$ cat upload12.txt   # compact mmCIF, C-alpha atoms
# COMPACT_ATOMS: atom_id res chain seq x y z
CA MET P 1 -32.19 2.13 0.89
CA SER P 2 -30.68 4.26 -1.86
CA LYS P 3 -27.57 3.05 -3.68
CA LEU P 4 -24.34 3.55 -1.76
CA THR P 5 -22.64 5.27 -4.69
CA GLU P 6 -25.36 7.92 -4.67
CA GLN P 7 -24.89 8.81 -1.01
CA SER P 8 -22.48 11.34 0.50
CA CYS P 9 -20.14 10.79 3.40
CA GLU P 10 -21.23 12.48 6.61
CA SER P 11 -18.75 14.16 8.89
CA CYS P 12 -17.76 11.61 11.48
CA ARG P 13 -17.23 12.43 15.15
CA ALA P 14 -15.31 10.22 17.57
CA ASP P 15 -18.60 9.45 19.33
CA ALA P 16 -20.44 8.52 16.13
CA PRO P 17 -21.94 5.05 16.35
CA GLN P 18 -20.54 2.11 14.44
CA VAL P 19 -23.02 0.52 12.06
CA THR P 20 -25.19 -2.04 13.80
CA ASP P 21 -25.05 -5.69 12.79
CA SER P 22 -28.30 -5.45 10.91
CA GLU P 23 -27.20 -2.29 9.05
CA LYS P 24 -23.92 -4.04 8.28
CA GLN P 25 -25.76 -6.96 6.70
CA ASP P 26 -27.82 -4.61 4.54
CA LEU P 27 -24.79 -2.59 3.46
CA ILE P 28 -22.42 -5.47 2.70
CA ARG P 29 -25.02 -6.93 0.34
CA GLN P 30 -24.27 -4.00 -1.96
CA LEU P 31 -20.56 -4.86 -1.81
CA PRO P 32 -20.34 -8.52 -2.79
CA ASP P 33 -16.59 -8.33 -3.55
CA TRP P 34 -15.60 -6.93 -0.15
CA ASP P 35 -14.78 -8.83 3.01
CA ILE P 36 -15.06 -7.62 6.55
CA VAL P 37 -11.79 -8.51 8.28
CA GLU P 38 -10.55 -7.85 11.83
CA LEU P 39 -7.16 -6.12 11.80
CA ASP P 40 -5.59 -4.63 14.93
CA ASP P 41 -8.88 -5.37 16.69
CA GLU P 42 -10.82 -3.14 14.29
CA PRO P 43 -13.24 -4.42 11.66
CA GLN P 44 -12.28 -3.22 8.19
CA LEU P 45 -13.69 -3.56 4.69
CA ARG P 46 -11.11 -5.12 2.38
CA ARG P 47 -10.97 -5.88 -1.34
CA GLN P 48 -8.17 -6.80 -3.70
CA PHE P 49 -8.31 -5.38 -7.24
CA LYS P 50 -6.39 -6.98 -10.12
CA PHE P 51 -4.51 -5.23 -12.92
CA ARG P 52 -2.39 -6.21 -15.90
CA ASN P 53 0.78 -4.63 -14.54
CA PHE P 54 2.27 -2.24 -12.00
CA ALA P 55 1.55 0.98 -13.92
CA GLU P 56 -2.21 0.30 -14.05
CA ALA P 57 -2.21 -0.58 -10.37
CA GLN P 58 -0.47 2.74 -9.68
CA VAL P 59 -3.09 4.67 -11.68
CA PHE P 60 -5.84 3.05 -9.60
CA THR P 61 -3.97 3.76 -6.36
CA ASN P 62 -3.99 7.43 -7.29
CA LYS P 63 -7.68 7.41 -8.20
CA VAL P 64 -8.59 5.98 -4.80
CA ALA P 65 -6.14 8.28 -3.00
CA ASP P 66 -7.51 11.39 -4.79
CA MET P 67 -11.06 10.37 -3.94
CA ALA P 68 -10.06 9.84 -0.30
CA GLU P 69 -8.35 13.21 -0.09
CA GLU P 70 -11.41 14.89 -1.56
CA GLU P 71 -13.66 13.35 1.10
CA GLY P 72 -11.15 13.75 3.92
CA HIS P 73 -11.57 10.04 4.67
CA HIS P 74 -8.48 7.89 4.15
CA PRO P 75 -8.07 4.16 3.54
CA ALA P 76 -5.02 1.94 3.52
CA ILE P 77 -3.93 1.21 -0.06
CA LEU P 78 -1.41 -1.53 -0.76
CA LEU P 79 0.14 -1.16 -4.22
CA GLU P 80 1.89 -4.22 -5.66
CA TYR P 81 2.68 -5.59 -9.11
CA GLY P 82 -0.70 -6.25 -10.78
CA LYS P 83 -2.82 -5.70 -7.68
CA VAL P 84 -4.09 -3.12 -5.24
CA THR P 85 -5.62 -3.99 -1.87
CA VAL P 86 -7.86 -1.34 -0.36
CA ARG P 87 -9.05 -1.26 3.26
CA TRP P 88 -11.70 1.16 4.52
CA TRP P 89 -12.54 1.66 8.19
CA THR P 90 -12.92 4.53 10.63
CA HIS P 91 -10.08 4.51 13.10
CA LYS P 92 -11.71 7.35 15.07
CA ILE P 93 -14.59 5.08 16.08
CA GLY P 94 -12.55 1.86 16.02
CA GLY P 95 -14.73 0.23 13.41
CA LEU P 96 -17.03 0.65 10.46
CA HIS P 97 -19.07 3.79 9.81
CA LYS P 98 -21.53 4.08 6.97
CA ASN P 99 -18.95 6.29 5.23
CA ASP P 100 -16.69 3.26 4.82
CA PHE P 101 -19.36 1.40 2.88
CA ILE P 102 -20.00 4.46 0.70
CA MET P 103 -16.28 4.81 -0.05
CA ALA P 104 -15.98 1.08 -0.79
CA ALA P 105 -18.83 1.37 -3.29
CA ARG P 106 -17.13 4.34 -4.94
CA THR P 107 -13.87 2.38 -5.08
CA ASP P 108 -15.71 -0.36 -6.99
CA GLN P 109 -17.07 2.27 -9.34
CA ALA P 110 -13.58 3.71 -9.97
CA TYR P 111 -12.37 0.19 -10.78
CA GLN P 112 -15.21 -0.42 -13.23
CA GLN P 113 -14.43 2.87 -14.94
CA GLN P 114 -10.77 1.99 -15.31
CA GLU P 115 -11.29 -1.53 -16.68
CA MET W 1 32.19 -1.63 -1.38
CA SER W 2 30.82 1.38 -3.25
CA LYS W 3 27.75 3.17 -1.93
CA LEU W 4 24.48 1.41 -2.70
CA THR W 5 22.90 4.53 -4.16
CA GLU W 6 25.70 4.70 -6.74
CA GLN W 7 25.15 1.16 -7.99
CA SER W 8 22.77 -0.03 -10.73
CA CYS W 9 20.35 -2.89 -10.54
CA GLU W 10 21.40 -5.93 -12.50
CA SER W 11 18.94 -7.98 -14.47
CA CYS W 12 17.78 -10.80 -12.24
CA ARG W 13 17.19 -14.34 -13.43
CA ALA W 14 15.13 -16.90 -11.54
CA ASP W 15 18.34 -18.85 -10.86
CA ALA W 16 20.25 -15.81 -9.56
CA PRO W 17 21.63 -16.44 -6.08
CA GLN W 18 20.20 -14.78 -3.00
CA VAL W 19 22.69 -12.62 -1.12
CA THR W 20 24.74 -14.68 1.32
CA ASP W 21 24.52 -14.03 5.05
CA SER W 22 27.83 -12.22 5.06
CA GLU W 23 26.86 -10.02 2.09
CA LYS W 24 23.56 -9.33 3.83
CA GLN W 25 25.36 -8.10 6.93
CA ASP W 26 27.53 -5.78 4.86
CA LEU W 27 24.60 -4.42 2.88
CA ILE W 28 22.18 -3.89 5.77
CA ARG W 29 24.81 -1.75 7.52
CA GLN W 30 24.18 0.83 4.81
CA LEU W 31 20.45 0.70 5.54
CA PRO W 32 20.14 1.33 9.29
CA ASP W 33 16.43 2.21 9.08
CA TRP W 34 15.39 -0.99 7.31
CA ASP W 35 14.43 -4.30 8.88
CA ILE W 36 14.65 -7.71 7.30
CA VAL W 37 11.31 -9.42 7.92
CA GLU W 38 10.00 -12.86 6.88
CA LEU W 39 6.67 -12.56 5.06
CA ASP W 40 5.04 -15.47 3.23
CA ASP W 41 8.27 -17.39 3.87
CA GLU W 42 10.33 -14.83 1.95
CA PRO W 43 12.79 -12.42 3.56
CA GLN W 44 11.96 -8.82 2.69
CA LEU W 45 13.45 -5.41 3.41
CA ARG W 46 10.89 -3.20 5.14
CA ARG W 47 10.83 0.42 6.27
CA GLN W 48 8.05 2.76 7.34
CA PHE W 49 8.34 6.42 6.31
CA LYS W 50 6.45 9.19 8.15
CA PHE W 51 4.69 12.20 6.62
CA ARG W 52 2.63 15.12 7.84
CA ASN W 53 -0.53 14.02 6.06
CA PHE W 54 -2.02 11.78 3.39
CA ALA W 55 -1.16 13.99 0.40
CA GLU W 56 2.58 13.94 1.19
CA ALA W 57 2.46 10.19 1.68
CA GLN W 58 0.80 9.89 -1.73
CA VAL W 59 3.53 12.00 -3.38
CA PHE W 60 6.17 9.69 -1.91
CA THR W 61 4.24 6.60 -2.99
CA ASN W 62 4.40 7.88 -6.55
CA LYS W 63 8.10 8.68 -6.34
CA VAL W 64 8.88 5.14 -5.24
CA ALA W 65 6.45 3.64 -7.77
CA ASP W 66 7.96 5.69 -10.64
CA MET W 67 11.47 4.65 -9.63
CA ALA W 68 10.35 1.00 -9.50
CA GLU W 69 8.73 1.18 -12.91
CA GLU W 70 11.87 2.73 -14.37
CA GLU W 71 14.03 -0.15 -13.03
CA GLY W 72 11.43 -2.83 -13.77
CA HIS W 73 11.73 -3.98 -10.15
CA HIS W 74 8.60 -3.57 -8.05
CA PRO W 75 8.09 -3.33 -4.28
CA ALA W 76 4.97 -3.44 -2.16
CA ILE W 77 3.97 0.07 -1.10
CA LEU W 78 1.39 0.57 1.65
CA LEU W 79 -0.07 4.08 1.58
CA GLU W 80 -1.88 5.26 4.73
CA TYR W 81 -2.60 8.58 6.42
CA GLY W 82 0.80 10.08 7.32
CA LYS W 83 2.84 6.99 6.53
CA VAL W 84 4.13 4.78 3.75
CA THR W 85 5.54 1.30 4.32
CA VAL W 86 7.81 0.00 1.56
CA ARG W 87 8.92 -3.62 1.15
CA TRP W 88 11.60 -4.72 -1.31
CA TRP W 89 12.37 -8.34 -2.16
CA THR W 90 12.77 -10.49 -5.25
CA HIS W 91 9.86 -12.87 -5.55
CA LYS W 92 11.52 -14.60 -8.54
CA ILE W 93 14.31 -15.91 -6.30
CA GLY W 94 12.17 -16.13 -3.15
CA GLY W 95 14.36 -13.74 -1.22
CA LEU W 96 16.76 -10.83 -1.26
CA HIS W 97 18.89 -9.93 -4.26
CA LYS W 98 21.45 -7.14 -4.19
CA ASN W 99 18.98 -5.12 -6.30
CA ASP W 100 16.65 -4.94 -3.30
CA PHE W 101 19.31 -3.28 -1.17
CA ILE W 102 20.10 -0.83 -3.98
CA MET W 103 16.41 0.06 -4.35
CA ALA W 104 16.02 0.44 -0.58
CA ALA W 105 18.95 2.86 -0.53
CA ARG W 106 17.36 4.85 -3.38
CA THR W 107 14.07 4.90 -1.50
CA ASP W 108 15.88 6.47 1.48
CA GLN W 109 17.38 9.02 -0.88
CA ALA W 110 13.96 9.90 -2.33
CA TYR W 111 12.65 10.39 1.23
CA GLN W 112 15.53 12.68 2.16
CA GLN W 113 14.92 14.75 -0.97
CA GLN W 114 11.22 15.12 -0.14
CA GLU W 115 11.67 16.09 3.51
$ encode --input "upload12.txt" --output "structure tokens"
Amino acid sequence: MSKLTEQSCESCRADAPQVTDSEKQDLIRQLPDWDIVELDDEPQLRRQFKFRNFAEAQVFTNKVADMAEEEGHHPAILLEYGKVTVRWWTHKIGGLHKNDFIMAARTDQAYQQQE
Amino acid sequence: MSKLTEQSCESCRADAPQVTDSEKQDLIRQLPDWDIVELDDEPQLRRQFKFRNFAEAQVFTNKVADMAEEEGHHPAILLEYGKVTVRWWTHKIGGLHKNDFIMAARTDQAYQQQE
């Protein structure tokens, strides 16, 4: 399987399949810092990123938001003093699409570039 | 009592008192769209703001974040598609300080100016 950061998001229809359990296991291995959590009955990828202060957390929030807007795929981003929590999932299919794993990998990359 | 939006935040020490119940009742009357919620055992002021899309929600997130940075008092801001949820409280005193009500009122004002 090619690296997640090198893959593009596909357009996602409401009838697109969620990733299977075995795909999920393969994909999450590339995202060791992310958890899969159930929120509002939908599985979501979640990671908290740490920063020195609020301003740096805000810069990162904007990086992730700009990336999301570019792809037309939008996460939940919680901005707080010194930390940003990002959640990726595909509400349209009520769960995780491969796109979510790709975006999570790109979020990691944006964090590495900022640090 | 003068309007919340016309008041300045005071510097807040760890031993500053929380607002009393009667002050709280007076202050919340000026913030009809905000709820007081208990999160992690700390009362917080919370309001959700609606937007047409993600980009407008991001603009508002930055307005609130810039305002917070200017005052040195920082909320939690949850940015999602078409909505932003803001929470103000004073972690240092484990509850609500008058500053939180002032910042909530200014957040309302920023929303009105954007709409």
$ closest_atom_pairs --input "upload12.txt" --of "region 36-58 of chain P" --to "region 67-80 of chain W" --cutoff "12 Å" --atoms "all atoms listed in the file" --output "Markdown table"
| residue | atom | partner | partner_atom | distance |
| --- | --- | --- | --- | --- |
| P:Asn53 | CA | W:Glu69 | CA | 10.0 |
| P:Phe54 | CA | W:Glu69 | CA | 7.4 |
| P:Ala55 | CA | W:Glu69 | CA | 7.3 |
| P:Glu56 | CA | W:Glu69 | CA | 11.0 |
| P:Ala57 | CA | W:Ile77 | CA | 11.2 |
| P:Gln58 | CA | W:Glu69 | CA | 9.9 |
$ residues_around --input "upload12.txt" --residues "Leu45 (chain W)" --least-positions-apart "6" --cutoff "7 Å" --atoms "only C-alpha atoms" --output "list in words"
Trp34, Asp35, Ile36, Val37, Arg87, Trp88 and Trp89 of chain W
$ atom_distance --input "upload12.txt" --atom1 "CA of Asp40 (chain W)" --atom2 "CA of Met103 (chain W)"
20.7 Å
$ atom_distance --input "upload12.txt" --atom1 "CA of Gln48 (chain P)" --atom2 "CA of Thr61 (chain P)"
11.7 Å
$ atom_distance --input "upload12.txt" --atom1 "CA of Leu39 (chain W)" --atom2 "CA of Thr85 (chain P)"
16.5 Å
$ residues_around --input "upload12.txt" --residues "region 25-27 of chain W" --least-positions-apart "6" --cutoff "9 Å" --atoms "only C-alpha atoms" --output "list in words"
Met1, Leu4, Lys98, Phe101 and Ile102 of chain W
$ axis_aligned_box --input "upload12.txt" --around "region 61-74 of chain P" --padding-each-side "4 Å" --output "lines of an AutoDock Vina configuration file"
center_x = -8.8
center_y = 9.3
center_z = -1.8
size_x = 17.7
size_y = 19.1
size_z = 20.9
$ residues_around --input "upload12.txt" --residues "Lys92 (chain P)" --least-positions-apart "4" --cutoff "10 Å" --atoms "all atoms listed in the file" --output "list of chain:residue names"
P:Cys12, P:Arg13, P:Ala14, P:Asp15, P:Ala16, P:Leu96, P:His97
$ closest_residue --input "upload12.txt" --among "W:Ala110, W:Val19, W:Ala105, W:Leu31" --to "Ala65 (chain W)" --atoms "only C-alpha atoms"
W:Ala110
$ closest_residue --input "upload12.txt" --among "W:Val86, W:Thr20, W:Glu38, W:Lys3" --to "chain P" --atoms "only C-alpha atoms"
W:Val86
$ build_atoms --input "upload12.txt" --residues "region 87-98 of chain W" --atoms "all heavy atoms" --output "compact mmCIF listing (two decimals), in the coordinates of the input"
# COMPACT_ATOMS: atom_id res chain seq x y z
N ARG W 87 8.24 -2.32 1.03
CA ARG W 87 8.92 -3.62 1.15
C ARG W 87 9.56 -3.99 -0.17
O ARG W 87 8.89 -3.99 -1.21
CB ARG W 87 7.91 -4.73 1.54
CG ARG W 87 7.43 -4.61 2.97
CD ARG W 87 6.53 -5.78 3.37
NE ARG W 87 5.17 -5.61 2.88
CZ ARG W 87 4.55 -6.45 2.06
NH1 ARG W 87 5.16 -7.54 1.62
NH2 ARG W 87 3.31 -6.23 1.67
N TRP W 88 10.86 -4.28 -0.12
CA TRP W 88 11.60 -4.72 -1.31
C TRP W 88 12.05 -6.16 -1.12
O TRP W 88 12.63 -6.50 -0.08
CB TRP W 88 12.87 -3.86 -1.51
CG TRP W 88 12.61 -2.47 -1.98
CD1 TRP W 88 12.65 -1.34 -1.22
CD2 TRP W 88 12.30 -2.05 -3.31
NE1 TRP W 88 12.40 -0.23 -2.00
CE2 TRP W 88 12.17 -0.64 -3.28
CE3 TRP W 88 12.12 -2.71 -4.52
CZ2 TRP W 88 11.87 0.11 -4.42
CZ3 TRP W 88 11.82 -1.96 -5.66
CH2 TRP W 88 11.70 -0.57 -5.60
N TRP W 89 11.82 -6.98 -2.12
CA TRP W 89 12.37 -8.34 -2.16
C TRP W 89 12.24 -8.82 -3.59
O TRP W 89 11.67 -8.13 -4.44
CB TRP W 89 11.65 -9.26 -1.17
CG TRP W 89 10.31 -9.78 -1.60
CD1 TRP W 89 10.02 -11.05 -2.00
CD2 TRP W 89 9.07 -9.06 -1.66
NE1 TRP W 89 8.67 -11.14 -2.30
CE2 TRP W 89 8.07 -9.95 -2.11
CE3 TRP W 89 8.69 -7.73 -1.40
CZ2 TRP W 89 6.74 -9.56 -2.30
CZ3 TRP W 89 7.37 -7.34 -1.59
CH2 TRP W 89 6.42 -8.26 -2.04
N THR W 90 12.79 -10.00 -3.88
CA THR W 90 12.77 -10.49 -5.25
C THR W 90 12.02 -11.81 -5.27
O THR W 90 12.58 -12.86 -4.97
CB THR W 90 14.21 -10.64 -5.79
OG1 THR W 90 14.85 -9.35 -5.69
CG2 THR W 90 14.20 -11.07 -7.25
N HIS W 91 10.75 -11.71 -5.58
CA HIS W 91 9.86 -12.87 -5.55
C HIS W 91 10.41 -14.00 -6.43
O HIS W 91 10.33 -15.18 -6.07
CB HIS W 91 8.46 -12.45 -5.99
CG HIS W 91 7.48 -13.57 -5.96
ND1 HIS W 91 7.12 -14.20 -4.79
CD2 HIS W 91 6.81 -14.21 -6.94
CE1 HIS W 91 6.26 -15.17 -5.07
NE2 HIS W 91 6.06 -15.19 -6.37
N LYS W 92 11.01 -13.62 -7.57
CA LYS W 92 11.52 -14.60 -8.54
C LYS W 92 12.54 -15.56 -7.92
O LYS W 92 12.66 -16.70 -8.33
CB LYS W 92 12.19 -13.81 -9.69
CG LYS W 92 12.02 -14.44 -11.05
CD LYS W 92 12.95 -13.76 -12.05
CE LYS W 92 12.38 -12.46 -12.60
NZ LYS W 92 13.29 -11.83 -13.60
N ILE W 93 13.32 -15.04 -6.96
CA ILE W 93 14.31 -15.91 -6.30
C ILE W 93 13.89 -16.24 -4.86
O ILE W 93 14.66 -16.84 -4.11
CB ILE W 93 15.73 -15.29 -6.32
CG1 ILE W 93 15.79 -13.96 -5.51
CG2 ILE W 93 16.19 -15.03 -7.75
CD1 ILE W 93 17.23 -13.47 -5.26
N GLY W 94 12.68 -15.81 -4.50
CA GLY W 94 12.17 -16.13 -3.15
C GLY W 94 12.99 -15.51 -2.03
O GLY W 94 13.10 -16.07 -0.94
N GLY W 95 13.58 -14.34 -2.29
CA GLY W 95 14.36 -13.74 -1.22
C GLY W 95 14.98 -12.42 -1.62
O GLY W 95 14.41 -11.69 -2.44
N LEU W 96 16.12 -12.13 -1.05
CA LEU W 96 16.76 -10.83 -1.26
C LEU W 96 17.90 -10.92 -2.26
O LEU W 96 18.82 -11.73 -2.11
CB LEU W 96 17.28 -10.28 0.06
CG LEU W 96 16.19 -9.94 1.08
CD1 LEU W 96 16.81 -9.62 2.43
CD2 LEU W 96 15.33 -8.79 0.59
N HIS W 97 17.83 -10.07 -3.27
CA HIS W 97 18.89 -9.93 -4.26
C HIS W 97 19.56 -8.58 -3.96
O HIS W 97 18.96 -7.73 -3.31
CB HIS W 97 18.25 -9.93 -5.67
CG HIS W 97 19.24 -9.92 -6.79
ND1 HIS W 97 19.79 -8.76 -7.29
CD2 HIS W 97 19.78 -10.93 -7.50
CE1 HIS W 97 20.62 -9.07 -8.27
NE2 HIS W 97 20.64 -10.38 -8.43
N LYS W 98 20.76 -8.41 -4.45
CA LYS W 98 21.45 -7.14 -4.19
C LYS W 98 20.61 -5.96 -4.68
O LYS W 98 20.62 -4.88 -4.09
CB LYS W 98 22.82 -7.14 -4.87
CG LYS W 98 23.69 -6.01 -4.37
CD LYS W 98 25.09 -6.10 -4.92
CE LYS W 98 25.89 -4.91 -4.40
NZ LYS W 98 27.18 -4.83 -5.11
